[in-house]
file work38.cif (mmCIF, C-alpha atoms)
data_entry
#
loop_
_atom_site.group_PDB
_atom_site.id
_atom_site.type_symbol
_atom_site.label_atom_id
_atom_site.label_comp_id
_atom_site.auth_asym_id
_atom_site.auth_seq_id
_atom_site.Cartn_x
_atom_site.Cartn_y
_atom_site.Cartn_z
ATOM 1 C CA MET A 1 -5.888 -24.413 -15.577
ATOM 2 C CA LEU A 2 -3.408 -25.436 -12.926
ATOM 3 C CA SER A 3 -4.784 -26.927 -9.794
ATOM 4 C CA CYS A 4 -3.353 -28.738 -6.830
ATOM 5 C CA GLY A 5 -4.183 -32.115 -5.430
ATOM 6 C CA GLU A 6 -5.377 -32.883 -1.944
ATOM 7 C CA ALA A 7 -1.982 -32.273 -0.375
ATOM 8 C CA MET A 8 -1.830 -28.523 -0.962
ATOM 9 C CA GLU A 9 1.625 -27.305 -1.814
ATOM 10 C CA SER A 10 2.632 -23.680 -1.591
ATOM 11 C CA ILE A 11 1.886 -21.636 -4.671
ATOM 12 C CA SER A 12 5.025 -21.196 -6.754
ATOM 13 C CA PRO A 13 5.892 -17.949 -8.579
ATOM 14 C CA GLU A 14 5.958 -19.880 -11.870
ATOM 15 C CA HIS A 15 2.452 -21.202 -11.191
ATOM 16 C CA VAL A 16 1.253 -17.564 -10.892
ATOM 17 C CA ARG A 17 3.143 -16.484 -14.038
ATOM 18 C CA VAL A 18 1.453 -19.268 -16.009
ATOM 19 C CA GLU A 19 -1.953 -17.955 -14.911
ATOM 20 C CA VAL A 20 -1.027 -14.361 -15.804
ATOM 21 C CA ARG A 21 0.080 -15.444 -19.297
ATOM 22 C CA ARG A 22 -3.123 -17.453 -19.668
ATOM 23 C CA PHE A 23 -5.167 -14.365 -18.768
ATOM 24 C CA TRP A 24 -3.529 -12.341 -21.556
ATOM 25 C CA ALA A 25 -3.778 -15.190 -24.054
ATOM 26 C CA ILE A 26 -7.550 -15.325 -23.440
ATOM 27 C CA LEU A 27 -7.853 -11.533 -23.619
ATOM 28 C CA SER A 28 -5.932 -11.475 -26.903
ATOM 29 C CA GLY A 29 -8.193 -14.154 -28.370
ATOM 30 C CA LYS A 30 -5.329 -16.661 -28.637
ATOM 31 C CA LEU A 31 -6.897 -19.031 -26.127
ATOM 32 C CA LYS A 32 -10.614 -19.842 -26.128
ATOM 33 C CA ASP A 33 -10.919 -20.509 -22.372
ATOM 34 C CA ASN A 34 -13.599 -18.652 -20.449
ATOM 35 C CA LEU A 35 -12.171 -15.388 -19.074
ATOM 36 C CA ALA A 36 -14.808 -15.243 -16.306
ATOM 37 C CA GLU A 37 -13.453 -18.502 -14.863
ATOM 38 C CA MET A 38 -10.129 -16.846 -14.120
ATOM 39 C CA TYR A 39 -11.871 -14.724 -11.480
ATOM 40 C CA SER A 40 -13.246 -15.525 -8.066
ATOM 41 C CA PRO A 41 -17.056 -14.901 -7.977
ATOM 42 C CA THR A 42 -16.481 -11.896 -5.683
ATOM 43 C CA ALA A 43 -13.512 -10.417 -7.562
ATOM 44 C CA ILE A 44 -13.342 -6.703 -8.271
ATOM 45 C CA VAL A 45 -11.428 -4.905 -10.988
ATOM 46 C CA PHE A 46 -10.095 -1.454 -11.810
ATOM 47 C CA THR A 47 -9.993 -1.382 -15.617
ATOM 48 C CA GLY A 48 -7.592 0.885 -17.488
ATOM 49 C CA LYS A 49 -10.035 3.814 -17.570
ATOM 50 C CA GLY A 50 -12.811 3.126 -15.052
ATOM 51 C CA LYS A 51 -13.215 5.693 -12.283
ATOM 52 C CA ARG A 52 -14.646 3.078 -9.923
ATOM 53 C CA SER A 53 -13.913 -0.584 -9.324
ATOM 54 C CA GLU A 54 -16.400 -2.979 -10.911
ATOM 55 C CA SER A 55 -17.455 -6.577 -10.529
ATOM 56 C CA ALA A 56 -15.066 -8.843 -12.444
ATOM 57 C CA LYS A 57 -18.019 -10.865 -13.768
ATOM 58 C CA LEU A 58 -19.347 -7.861 -15.708
ATOM 59 C CA ILE A 59 -15.898 -6.903 -16.945
ATOM 60 C CA ALA A 60 -15.162 -10.454 -18.123
ATOM 61 C CA VAL A 61 -18.393 -10.560 -20.158
ATOM 62 C CA ARG A 62 -17.586 -7.185 -21.744
ATOM 63 C CA ARG A 63 -14.003 -8.159 -22.513
ATOM 64 C CA SER A 64 -14.980 -11.510 -23.983
ATOM 65 C CA ARG A 65 -17.493 -9.806 -26.280
ATOM 66 C CA GLN A 66 -14.814 -7.362 -27.438
ATOM 67 C CA SER A 67 -11.947 -9.813 -27.840
ATOM 68 C CA HIS A 68 -13.995 -12.492 -29.599
ATOM 69 C CA GLY A 69 -15.479 -10.111 -32.140
ATOM 70 C CA ALA A 70 -15.061 -11.396 -35.683
ATOM 71 C CA ALA A 71 -12.949 -8.500 -36.839
ATOM 72 C CA THR A 72 -10.739 -7.975 -33.791
ATOM 73 C CA THR A 73 -7.054 -8.734 -33.467
ATOM 74 C CA SER A 74 -5.165 -8.125 -30.236
ATOM 75 C CA ARG A 75 -1.602 -8.498 -29.088
ATOM 76 C CA ALA A 76 -0.162 -8.270 -25.558
ATOM 77 C CA GLU A 77 3.482 -8.105 -24.571
ATOM 78 C CA LEU A 78 4.359 -8.638 -20.922
ATOM 79 C CA ASP A 79 7.518 -7.550 -19.169
ATOM 80 C CA SER A 80 8.902 -9.567 -16.291
ATOM 81 C CA ILE A 81 6.228 -10.617 -13.806
ATOM 82 C CA GLU A 82 7.122 -9.983 -10.150
ATOM 83 C CA VAL A 83 5.389 -12.400 -7.799
ATOM 84 C CA GLN A 84 5.010 -12.150 -4.031
ATOM 85 C CA ILE A 85 3.663 -15.284 -2.382
ATOM 86 C CA VAL A 86 1.633 -14.732 0.789
ATOM 87 C CA GLY A 87 1.158 -17.797 2.967
ATOM 88 C CA THR A 88 0.023 -20.948 1.175
ATOM 89 C CA ASP A 89 -3.065 -19.604 -0.570
ATOM 90 C CA ALA A 90 -2.438 -16.128 -1.972
ATOM 91 C CA ALA A 91 -0.050 -14.356 -4.318
ATOM 92 C CA ILE A 92 0.394 -10.919 -5.857
ATOM 93 C CA ALA A 93 1.551 -10.547 -9.458
ATOM 94 C CA ALA A 94 2.757 -7.114 -10.599
ATOM 95 C CA TYR A 95 4.196 -6.236 -14.007
ATOM 96 C CA THR A 96 4.159 -3.803 -16.896
ATOM 97 C CA TYR A 97 2.770 -4.573 -20.337
ATOM 98 C CA SER A 98 1.780 -3.190 -23.704
ATOM 99 C CA TYR A 99 -1.480 -4.063 -25.449
ATOM 100 C CA HIS A 100 -2.595 -3.415 -28.990
ATOM 101 C CA THR A 101 -6.101 -3.959 -30.375
ATOM 102 C CA ASP A 102 -7.212 -3.477 -33.941
ATOM 103 C CA LYS A 103 -10.896 -3.848 -34.784
ATOM 104 C CA ILE A 104 -13.505 -2.886 -37.339
ATOM 105 C CA GLY A 105 -16.220 -0.749 -35.735
ATOM 106 C CA ALA A 106 -19.960 -0.943 -36.458
ATOM 107 C CA ASP A 107 -19.570 1.880 -38.984
ATOM 108 C CA GLY A 108 -16.880 -0.066 -40.837
ATOM 109 C CA ALA A 109 -14.063 2.163 -39.629
ATOM 110 C CA ARG A 110 -10.890 0.530 -38.370
ATOM 111 C CA VAL A 111 -10.150 1.453 -34.734
ATOM 112 C CA GLN A 112 -6.847 0.852 -32.980
ATOM 113 C CA LEU A 113 -6.251 0.972 -29.229
ATOM 114 C CA ASP A 114 -2.683 1.097 -27.959
ATOM 115 C CA VAL A 115 -1.756 0.825 -24.299
ATOM 116 C CA LEU A 116 1.972 1.404 -24.478
ATOM 117 C CA LEU A 117 2.823 1.772 -20.809
ATOM 118 C CA GLY A 118 0.405 -0.512 -19.040
ATOM 119 C CA ARG A 119 0.814 -1.539 -15.392
ATOM 120 C CA ALA A 120 -0.926 -4.487 -13.795
ATOM 121 C CA THR A 121 -1.540 -5.821 -10.299
ATOM 122 C CA GLN A 122 -3.427 -9.106 -9.977
ATOM 123 C CA ILE A 123 -4.059 -10.743 -6.622
ATOM 124 C CA PHE A 124 -4.633 -14.481 -6.770
ATOM 125 C CA GLN A 125 -6.229 -16.756 -4.215
ATOM 126 C CA ARG A 126 -6.484 -20.501 -4.261
ATOM 127 C CA ASP A 127 -10.131 -21.618 -4.223
ATOM 128 C CA GLU A 128 -11.529 -24.674 -2.424
ATOM 129 C CA ALA A 129 -10.756 -26.866 -5.478
ATOM 130 C CA GLY A 130 -7.136 -25.719 -5.462
ATOM 131 C CA ALA A 131 -7.360 -23.497 -8.558
ATOM 132 C CA LEU A 132 -5.826 -20.026 -8.584
ATOM 133 C CA ARG A 133 -8.421 -17.304 -9.141
ATOM 134 C CA ILE A 134 -7.995 -13.556 -9.411
ATOM 135 C CA VAL A 135 -9.692 -11.811 -6.481
ATOM 136 C CA HIS A 136 -8.544 -8.288 -7.325
ATOM 137 C CA GLU A 137 -7.137 -6.666 -10.456
ATOM 138 C CA HIS A 138 -5.869 -3.148 -11.116
ATOM 139 C CA LEU A 139 -4.861 -2.241 -14.680
ATOM 140 C CA SER A 140 -3.638 1.257 -15.488
ATOM 141 C CA ALA A 141 -1.567 3.215 -17.950
ATOM 142 C CA THR A 142 0.793 6.094 -17.183
ATOM 143 C CA THR A 143 -0.535 7.883 -20.243
ATOM 144 C CA SER A 144 -4.104 7.623 -21.489
ATOM 145 C CA PRO A 145 -4.513 4.761 -23.951
ATOM 146 C CA GLU A 146 -4.027 6.047 -27.467
ATOM 147 C CA LEU A 147 -7.163 5.595 -29.564
ATOM 148 C CA LYS A 148 -6.974 6.332 -33.241
ATOM 149 C CA LYS A 149 -9.145 5.803 -36.259
ATOM 150 C CA ALA A 150 -7.048 4.322 -38.969
ATOM 151 C CA THR A 151 -7.667 4.749 -42.637
ATOM 152 C CA GLY A 152 -8.162 1.736 -44.842
ATOM 153 C CA MET F 153 -5.922 -12.750 14.433
ATOM 154 C CA ASN F 154 -8.294 -12.157 11.523
ATOM 155 C CA ILE F 155 -8.444 -8.728 9.923
ATOM 156 C CA SER F 156 -11.683 -6.745 9.985
ATOM 157 C CA PRO F 157 -12.776 -4.361 7.188
ATOM 158 C CA ASP F 158 -12.977 -1.482 9.668
ATOM 159 C CA GLU F 159 -9.351 -2.047 10.708
ATOM 160 C CA ILE F 160 -8.308 -1.742 7.061
ATOM 161 C CA ARG F 161 -10.391 1.417 6.519
ATOM 162 C CA ALA F 162 -8.812 2.942 9.619
ATOM 163 C CA ALA F 163 -5.324 2.029 8.338
ATOM 164 C CA VAL F 164 -6.049 3.661 4.951
ATOM 165 C CA ARG F 165 -7.253 6.878 6.641
ATOM 166 C CA ARG F 166 -4.200 6.829 8.924
ATOM 167 C CA LEU F 167 -1.883 6.512 5.920
ATOM 168 C CA TRP F 168 -3.366 9.568 4.176
ATOM 169 C CA ASP F 169 -3.424 11.503 7.441
ATOM 170 C CA PHE F 170 0.320 10.862 7.909
ATOM 171 C CA PHE F 171 0.937 11.799 4.263
ATOM 172 C CA SER F 172 -0.985 15.080 4.377
ATOM 173 C CA ARG F 173 0.492 16.055 7.789
ATOM 174 C CA LYS F 174 3.982 15.165 6.470
ATOM 175 C CA SER F 175 4.572 12.722 9.330
ATOM 176 C CA LYS F 176 7.506 11.174 7.543
ATOM 177 C CA ALA F 177 8.465 8.424 9.993
ATOM 178 C CA GLN F 178 4.897 7.286 10.637
ATOM 179 C CA PHE F 179 4.133 7.331 6.911
ATOM 180 C CA ALA F 180 7.208 5.181 6.189
ATOM 181 C CA GLU F 181 6.229 2.750 8.973
ATOM 182 C CA MET F 182 3.023 1.942 7.089
ATOM 183 C CA TYR F 183 5.037 0.014 4.461
ATOM 184 C CA LEU F 184 6.711 -3.371 4.946
ATOM 185 C CA PRO F 185 10.448 -3.392 4.088
ATOM 186 C CA SER F 186 9.751 -5.560 1.009
ATOM 187 C CA ALA F 187 6.749 -3.499 -0.168
ATOM 188 C CA THR F 188 6.402 -2.609 -3.847
ATOM 189 C CA VAL F 189 4.586 0.357 -5.337
ATOM 190 C CA PHE F 190 3.153 1.579 -8.639
ATOM 191 C CA ALA F 191 2.955 5.362 -8.127
ATOM 192 C CA VAL F 192 0.356 7.375 -10.091
ATOM 193 C CA ASP F 193 2.931 8.807 -12.485
ATOM 194 C CA SER F 194 5.497 6.009 -12.592
ATOM 195 C CA ARG F 195 6.163 3.805 -15.605
ATOM 196 C CA ARG F 196 7.427 0.918 -13.533
ATOM 197 C CA MET F 197 7.121 -0.626 -10.127
ATOM 198 C CA ASP F 198 9.495 0.549 -7.398
ATOM 199 C CA LEU F 199 10.410 -0.652 -3.961
ATOM 200 C CA ALA F 200 8.415 1.406 -1.465
ATOM 201 C CA ARG F 201 11.625 2.580 0.182
ATOM 202 C CA LEU F 202 12.679 4.318 -3.052
ATOM 203 C CA MET F 203 9.242 5.925 -3.337
ATOM 204 C CA LEU F 204 9.622 7.124 0.264
ATOM 205 C CA VAL F 205 12.959 8.806 -0.505
ATOM 206 C CA ARG F 206 11.380 10.606 -3.484
ATOM 207 C CA ARG F 207 8.307 11.669 -1.507
ATOM 208 C CA GLU F 208 10.467 12.900 1.349
ATOM 209 C CA ARG F 209 12.467 15.076 -1.062
ATOM 210 C CA GLU F 210 9.504 16.431 -3.034
ATOM 211 C CA LEU F 211 6.458 16.298 -0.789
ATOM 212 C CA PHE F 212 7.483 16.548 2.859
ATOM 213 C CA GLY F 213 9.224 19.943 2.762
ATOM 214 C CA PRO F 214 7.718 23.269 3.905
ATOM 215 C CA ALA F 215 6.878 24.402 0.348
ATOM 216 C CA SER F 216 4.932 21.225 -0.466
ATOM 217 C CA SER F 217 1.421 20.163 0.383
ATOM 218 C CA VAL F 218 -0.860 17.155 -0.024
ATOM 219 C CA ALA F 219 -4.667 17.213 0.235
ATOM 220 C CA VAL F 220 -6.886 14.231 -0.434
ATOM 221 C CA LYS F 221 -10.570 13.332 -0.466
ATOM 222 C CA LEU F 222 -11.192 9.604 -0.221
ATOM 223 C CA GLY F 223 -14.180 7.833 -1.763
ATOM 224 C CA PRO F 224 -15.766 4.693 -0.292
ATOM 225 C CA ILE F 225 -13.179 2.083 0.679
ATOM 226 C CA ASP F 226 -13.924 -1.486 -0.457
ATOM 227 C CA VAL F 227 -12.203 -4.180 1.585
ATOM 228 C CA GLN F 228 -11.577 -7.766 0.476
ATOM 229 C CA LEU F 229 -10.347 -10.235 3.076
ATOM 230 C CA VAL F 230 -8.191 -12.662 1.101
ATOM 231 C CA VAL F 231 -6.515 -14.939 3.652
ATOM 232 C CA PRO F 232 -6.463 -14.541 7.456
ATOM 233 C CA ASP F 233 -3.599 -12.025 7.534
ATOM 234 C CA LEU F 234 -4.011 -10.378 4.111
ATOM 235 C CA ALA F 235 -6.600 -7.853 2.919
ATOM 236 C CA VAL F 236 -7.037 -5.576 -0.068
ATOM 237 C CA ALA F 237 -8.358 -2.016 0.141
ATOM 238 C CA SER F 238 -9.525 -0.310 -3.033
ATOM 239 C CA TYR F 239 -11.074 3.115 -3.409
ATOM 240 C CA PRO F 240 -11.290 6.224 -5.564
ATOM 241 C CA PHE F 241 -9.668 9.474 -4.416
ATOM 242 C CA HIS F 242 -9.150 13.097 -5.436
ATOM 243 C CA LEU F 243 -5.609 14.265 -4.782
ATOM 244 C CA SER F 244 -4.136 17.777 -4.905
ATOM 245 C CA ILE F 245 -0.370 17.987 -4.569
ATOM 246 C CA THR F 246 2.070 20.870 -4.510
ATOM 247 C CA ARG F 247 5.491 19.460 -5.198
ATOM 248 C CA ALA F 248 8.758 21.300 -4.464
ATOM 249 C CA LEU F 249 11.400 20.715 -7.114
ATOM 250 C CA PRO F 250 15.130 21.459 -7.075
ATOM 251 C CA GLY F 251 15.866 25.159 -7.761
ATOM 252 C CA GLY F 252 12.786 26.374 -5.908
ATOM 253 C CA LYS F 253 10.270 25.513 -8.631
ATOM 254 C CA ARG F 254 6.911 24.127 -7.521
ATOM 255 C CA HIS F 255 4.378 22.137 -9.459
ATOM 256 C CA GLN F 256 0.738 21.727 -8.567
ATOM 257 C CA ALA F 257 -0.829 18.458 -9.710
ATOM 258 C CA GLU F 258 -4.515 17.551 -9.647
ATOM 259 C CA VAL F 259 -5.543 13.907 -9.731
ATOM 260 C CA PRO F 260 -9.356 14.200 -9.866
ATOM 261 C CA SER F 261 -10.048 10.534 -10.591
ATOM 262 C CA GLY F 262 -7.424 8.648 -8.628
ATOM 263 C CA ARG F 263 -7.792 4.915 -7.957
ATOM 264 C CA ALA F 264 -5.944 3.048 -5.221
ATOM 265 C CA THR F 265 -5.309 -0.599 -4.457
ATOM 266 C CA GLN F 266 -3.427 -1.337 -1.248
ATOM 267 C CA VAL F 267 -2.626 -4.830 -0.043
ATOM 268 C CA PHE F 268 -2.255 -4.986 3.740
ATOM 269 C CA GLN F 269 -0.567 -7.728 5.699
ATOM 270 C CA ARG F 270 -0.085 -8.124 9.438
ATOM 271 C CA ASP F 271 3.567 -8.033 10.443
ATOM 272 C CA GLU F 272 5.040 -10.246 13.176
ATOM 273 C CA LYS F 273 3.866 -7.719 15.819
ATOM 274 C CA GLY F 274 0.312 -7.815 14.504
ATOM 275 C CA VAL F 275 0.507 -4.352 12.905
ATOM 276 C CA LEU F 276 -1.206 -3.879 9.517
ATOM 277 C CA ARG F 277 1.293 -2.707 6.927
ATOM 278 C CA ILE F 278 1.255 -2.306 3.146
ATOM 279 C CA LEU F 279 2.821 -5.083 1.085
ATOM 280 C CA HIS F 280 1.854 -3.712 -2.350
ATOM 281 C CA GLU F 281 0.286 -0.496 -3.613
ATOM 282 C CA HIS F 282 -1.042 0.465 -7.047
ATOM 283 C CA MET F 283 -2.129 4.084 -7.564
ATOM 284 C CA SER F 284 -3.411 5.343 -10.890
ATOM 285 C CA SER F 285 -5.561 7.969 -12.502
ATOM 286 C CA ALA F 286 -8.549 7.367 -14.775
ATOM 287 C CA GLU F 287 -8.037 10.829 -16.295
ATOM 288 C CA GLN F 288 -5.047 12.785 -17.452
ATOM 289 C CA VAL F 289 -3.253 14.336 -14.461
ATOM 290 C CA THR F 290 -3.060 18.127 -14.821
ATOM 291 C CA VAL F 291 0.134 19.838 -13.703
ATOM 292 C CA LYS F 292 0.797 23.576 -13.543
ATOM 293 C CA GLU F 293 3.892 25.458 -12.507
ATOM 294 C CA LEU F 294 3.611 27.762 -9.504
ATOM 295 C CA PRO F 295 5.810 30.753 -8.662
ATOM 296 C CA ALA F 296 8.971 29.796 -6.741
ATOM 297 C CA THR F 297 8.742 30.136 -2.964
ATOM 298 C CA GLY F 298 10.151 33.338 -1.431
ATOM 299 C CA ALA F 299 13.170 31.756 0.219
ATOM 300 C CA ALA F 300 14.070 29.656 -2.782
ATOM 301 C CA ALA F 301 13.540 32.581 -5.167
ATOM 302 C CA SER F 302 15.824 34.778 -3.051
ATOM 303 C CA ALA F 303 18.426 32.049 -3.004
ATOM 304 C CA GLN F 304 18.269 31.824 -6.780
ATOM 305 C CA VAL F 305 18.577 35.599 -7.186
ATOM 306 C CA SER F 306 21.538 35.870 -4.832
ATOM 307 C CA ARG F 307 23.524 33.193 -6.629
#
call {"tool": "encode", "arguments": {"input": "work38.cif", "output": "structure tokens"}}
result
Amino acid sequence: MLSCGEAMESISPEHVRVEVRRFWAILSGKLKDNLAEMYSPTAIVFTGKGKRSESAKLIAVRRSRQSHGAATTSRAELDSIEVQIVGTDAAIAAYTYSYHTDKIGADGARVQLDVLLGRATQIFQRDEAGALRIVHEHLSATTSPELKKATG
Amino acid sequence: MNISPDEIRAAVRRLWDFFSRKSKAQFAEMYLPSATVFAVDSRRMDLARLMLVRRERELFGPASSVAVKLGPIDVQLVVPDLAVASYPFHLSITRALPGGKRHQAEVPSGRATQVFQRDEKGVLRILHEHMSSAEQVTVKELPATGAAASAQVSR
């Protein structure tokens, strides 16, 4: 995790991009950091298909359970990440992405989830220790995520 | 001056009021010049000024209409001059297309995130917007408007 020393410098766009990539590396199971720690305690999230925003804490627990399942493989590809810095302590990251998950369900069937045209907004705030945390997240897809049961 | 949640809720309601009354100039004024937008049906992010040109063409004419019902508006105060509004909405749009065609779109489970920032005059304006739908958007074609249909026939 990147953090700043006592003399707080402005957040740099690259600093935010590193955190965004870290988020997806955790979600894809490629990094074993704690997903919940990426969020501020009061963060709220619109997931890809939720009708209402939810507490990030609950979402992080659910996602960690899914992504760390024994028989799950995930892959995320991010397009260029646009960053707007606001003052010294906040930044907005916005980008498009694709996400692919392949897992074995409880009934032994292989299930694939493809988000081909994903869109993401993540708003970061620097906490009192200087670490960037997500305070708000909105993930969406322009078409419903494609869910298919694969054979074999 | 710190932002209050009620100020943000009032700004969100003002935005939709301008949109549904087709108050083009006031609607455009709600966005900062550098604002970026993910529209409900867009694959990529656009500058708000491009979105405004498209909305002006398709949604602010006499044959178009916009009706919205907003759900509860959550407000997060991030830093002193920045706040995030997020809320569900139900949107019904009649969109006029070139050639007189009109499409009616229903977004029953819309979700909005709007990031507001105070400008140098102290006015709250949108810096970033992300609109999406939790369900498939349904679109149906409506009969062409009378004037446009006549124009097509007389060609």
call {"tool": "residues_around", "arguments": {"input": "work38.cif", "residues": "Leu211 (chain F)", "least_positions_apart": "3", "cutoff": "9 Å", "atoms": "all atoms listed in the file", "output": "list in words"}}
result
Phe171, Lys174, Arg206, Arg207, Glu208, Pro214, Ala215, Ser216, Ser217, Val218, Ile245, Thr246, Arg247 and Ala248 of chain F
call {"tool": "write_last_selection", "arguments": {"input": "work38.cif", "atoms": "C-alpha atoms", "output": "PDB file, keeping the file's coordinate frame"}}
result
ATOM      1  CA  PHE F 171       0.937  11.799   4.263  1.00  0.00           C
ATOM      2  CA  LYS F 174       3.982  15.165   6.470  1.00  0.00           C
ATOM      3  CA  ARG F 206      11.380  10.606  -3.484  1.00  0.00           C
ATOM      4  CA  ARG F 207       8.307  11.669  -1.507  1.00  0.00           C
ATOM      5  CA  GLU F 208      10.467  12.900   1.349  1.00  0.00           C
ATOM      6  CA  PRO F 214       7.718  23.269   3.905  1.00  0.00           C
ATOM      7  CA  ALA F 215       6.878  24.402   0.348  1.00  0.00           C
ATOM      8  CA  SER F 216       4.932  21.225  -0.466  1.00  0.00           C
ATOM      9  CA  SER F 217       1.421  20.163   0.383  1.00  0.00           C
ATOM     10  CA  VAL F 218      -0.860  17.155  -0.024  1.00  0.00           C
ATOM     11  CA  ILE F 245      -0.370  17.987  -4.569  1.00  0.00           C
ATOM     12  CA  THR F 246       2.070  20.870  -4.510  1.00  0.00           C
ATOM     13  CA  ARG F 247       5.491  19.460  -5.198  1.00  0.00           C
ATOM     14  CA  ALA F 248       8.758  21.300  -4.464  1.00  0.00           C
TER      15      ALA F 248
END
call {"tool": "resolve_selection", "arguments": {"input": "work38.cif", "expression": "the PyMOL selection byres ((chain F and resi 281) around 7)", "output": "PyMOL selection string"}}
result
chain F and resi 188-190+265-267+280+282-283
call {"tool": "closest_atom_pairs", "arguments": {"input": "work38.cif", "of": "chain F", "to": "chain A", "cutoff": "12 Å", "atoms": "all atoms listed in the file", "output": "tab-separated table"}}
result
residue	atom	partner	partner_atom	distance
F:Ser186	CA	A:Gln84	CA	9.6
F:Ala187	CA	A:Gln84	CA	9.6
F:Thr188	CA	A:Ala94	CA	8.9
F:Val189	CA	A:Ala94	CA	9.3
F:Phe190	CA	A:Arg119	CA	7.8
F:Ala191	CA	A:Thr142	CA	9.3
F:Val192	CA	A:Thr142	CA	7.2
F:Asp193	CA	A:Thr142	CA	5.8
F:Ser194	CA	A:Thr142	CA	6.6
F:Arg195	CA	A:Thr142	CA	6.0
F:Arg196	CA	A:Thr96	CA	6.7
F:Met197	CA	A:Tyr95	CA	7.4
F:Asp198	CA	A:Ala94	CA	10.7
F:Leu199	CA	A:Glu82	CA	11.7
F:Gly223	CA	A:Arg52	CA	9.5
F:Pro224	CA	A:Arg52	CA	9.8
F:Ile225	CA	A:Ser53	CA	10.4
F:Asp226	CA	A:Ser53	CA	8.9
F:Val227	CA	A:Ile44	CA	10.2
F:Gln228	CA	A:Val135	CA	8.3
F:Leu229	CA	A:Val135	CA	9.7
F:Val230	CA	A:Gln125	CA	7.0
F:Val231	CA	A:Ala90	CA	7.0
F:Pro232	CA	A:Gly87	CA	9.4
F:Asp233	CA	A:Gly87	CA	8.8
F:Leu234	CA	A:Val86	CA	7.9
F:Ala235	CA	A:Ile123	CA	10.3
F:Val236	CA	A:His136	CA	7.9
F:Ala237	CA	A:His136	CA	9.8
F:Ser238	CA	A:Ser53	CA	7.7
F:Tyr239	CA	A:Arg52	CA	7.4
F:Pro240	CA	A:Arg52	CA	6.3
F:Phe241	CA	A:Lys51	CA	9.4
F:His242	CA	A:Lys51	CA	10.9
F:Val259	CA	A:Lys51	CA	11.5
F:Pro260	CA	A:Lys51	CA	9.6
F:Ser261	CA	A:Lys51	CA	6.0
F:Gly262	CA	A:Lys51	CA	7.5
F:Arg263	CA	A:Lys51	CA	7.0
F:Ala264	CA	A:His138	CA	8.6
F:Thr265	CA	A:His138	CA	7.2
F:Gln266	CA	A:Thr121	CA	10.3
F:Val267	CA	A:Ile92	CA	8.9
F:Phe268	CA	A:Val86	CA	10.9
F:Gln269	CA	A:Val86	CA	8.8
F:Arg270	CA	A:Val86	CA	11.0
F:Asp271	CA	A:Val86	CA	11.9
F:Leu279	CA	A:Gln84	CA	9.0
F:His280	CA	A:Ile92	CA	8.1
F:Glu281	CA	A:Thr121	CA	8.7
F:His282	CA	A:Thr121	CA	7.1
F:Met283	CA	A:Ser140	CA	8.5
F:Ser284	CA	A:Ser140	CA	6.2
F:Ser285	CA	A:Ser140	CA	7.6
F:Ala286	CA	A:Lys49	CA	4.8
F:Glu287	CA	A:Ser144	CA	7.3
F:Gln288	CA	A:Ser144	CA	6.6
F:Val289	CA	A:Thr143	CA	9.1
F:Thr290	CA	A:Thr143	CA	11.9
call {"tool": "resolve_selection", "arguments": {"input": "work38.cif", "expression": "the PyMOL selection byres ((chain A and resi 100) around 8)", "output": "JSON, numbers by chain"}}
result
{"A": [74, 75, 76, 98, 99, 101, 102, 112, 113, 114, 115]}
call {"tool": "atom_distance", "arguments": {"input": "work38.cif", "atom1": "CA of Leu249 (chain F)", "atom2": "CA of Leu294 (chain F)"}}
result
10.8 Å
call {"tool": "atom_distance", "arguments": {"input": "work38.cif", "atom1": "CA of Val291 (chain F)", "atom2": "CA of Lys176 (chain F)"}}
result
24.1 Å
call {"tool": "atom_distance", "arguments": {"input": "work38.cif", "atom1": "CA of Pro295 (chain F)", "atom2": "CA of Phe212 (chain F)"}}
result
18.4 Å
call {"tool": "residues_around", "arguments": {"input": "work38.cif", "residues": "Ala60 (chain A)", "least_positions_apart": "2", "cutoff": "12 Å", "atoms": "all atoms listed in the file", "output": "mmCIF file with C-alpha atoms, keeping the file's coordinate frame"}}
result
data_model
loop_
_atom_site.group_PDB
_atom_site.id
_atom_site.type_symbol
_atom_site.label_atom_id
_atom_site.label_comp_id
_atom_site.auth_asym_id
_atom_site.auth_seq_id
_atom_site.Cartn_x
_atom_site.Cartn_y
_atom_site.Cartn_z
ATOM 1 C CA PHE A 23 -5.167 -14.365 -18.768
ATOM 2 C CA ILE A 26 -7.550 -15.325 -23.440
ATOM 3 C CA LEU A 27 -7.853 -11.533 -23.619
ATOM 4 C CA ASP A 33 -10.919 -20.509 -22.372
ATOM 5 C CA ASN A 34 -13.599 -18.652 -20.449
ATOM 6 C CA LEU A 35 -12.171 -15.388 -19.074
ATOM 7 C CA ALA A 36 -14.808 -15.243 -16.306
ATOM 8 C CA GLU A 37 -13.453 -18.502 -14.863
ATOM 9 C CA MET A 38 -10.129 -16.846 -14.120
ATOM 10 C CA TYR A 39 -11.871 -14.724 -11.480
ATOM 11 C CA SER A 40 -13.246 -15.525 -8.066
ATOM 12 C CA PRO A 41 -17.056 -14.901 -7.977
ATOM 13 C CA ALA A 43 -13.512 -10.417 -7.562
ATOM 14 C CA ILE A 44 -13.342 -6.703 -8.271
ATOM 15 C CA VAL A 45 -11.428 -4.905 -10.988
ATOM 16 C CA THR A 47 -9.993 -1.382 -15.617
ATOM 17 C CA GLU A 54 -16.400 -2.979 -10.911
ATOM 18 C CA SER A 55 -17.455 -6.577 -10.529
ATOM 19 C CA ALA A 56 -15.066 -8.843 -12.444
ATOM 20 C CA LYS A 57 -18.019 -10.865 -13.768
ATOM 21 C CA LEU A 58 -19.347 -7.861 -15.708
ATOM 22 C CA ARG A 62 -17.586 -7.185 -21.744
ATOM 23 C CA ARG A 63 -14.003 -8.159 -22.513
ATOM 24 C CA SER A 64 -14.980 -11.510 -23.983
ATOM 25 C CA ARG A 65 -17.493 -9.806 -26.280
ATOM 26 C CA GLN A 66 -14.814 -7.362 -27.438
ATOM 27 C CA SER A 67 -11.947 -9.813 -27.840
ATOM 28 C CA HIS A 68 -13.995 -12.492 -29.599
ATOM 29 C CA ILE A 134 -7.995 -13.556 -9.411
ATOM 30 C CA GLU A 137 -7.137 -6.666 -10.456
#
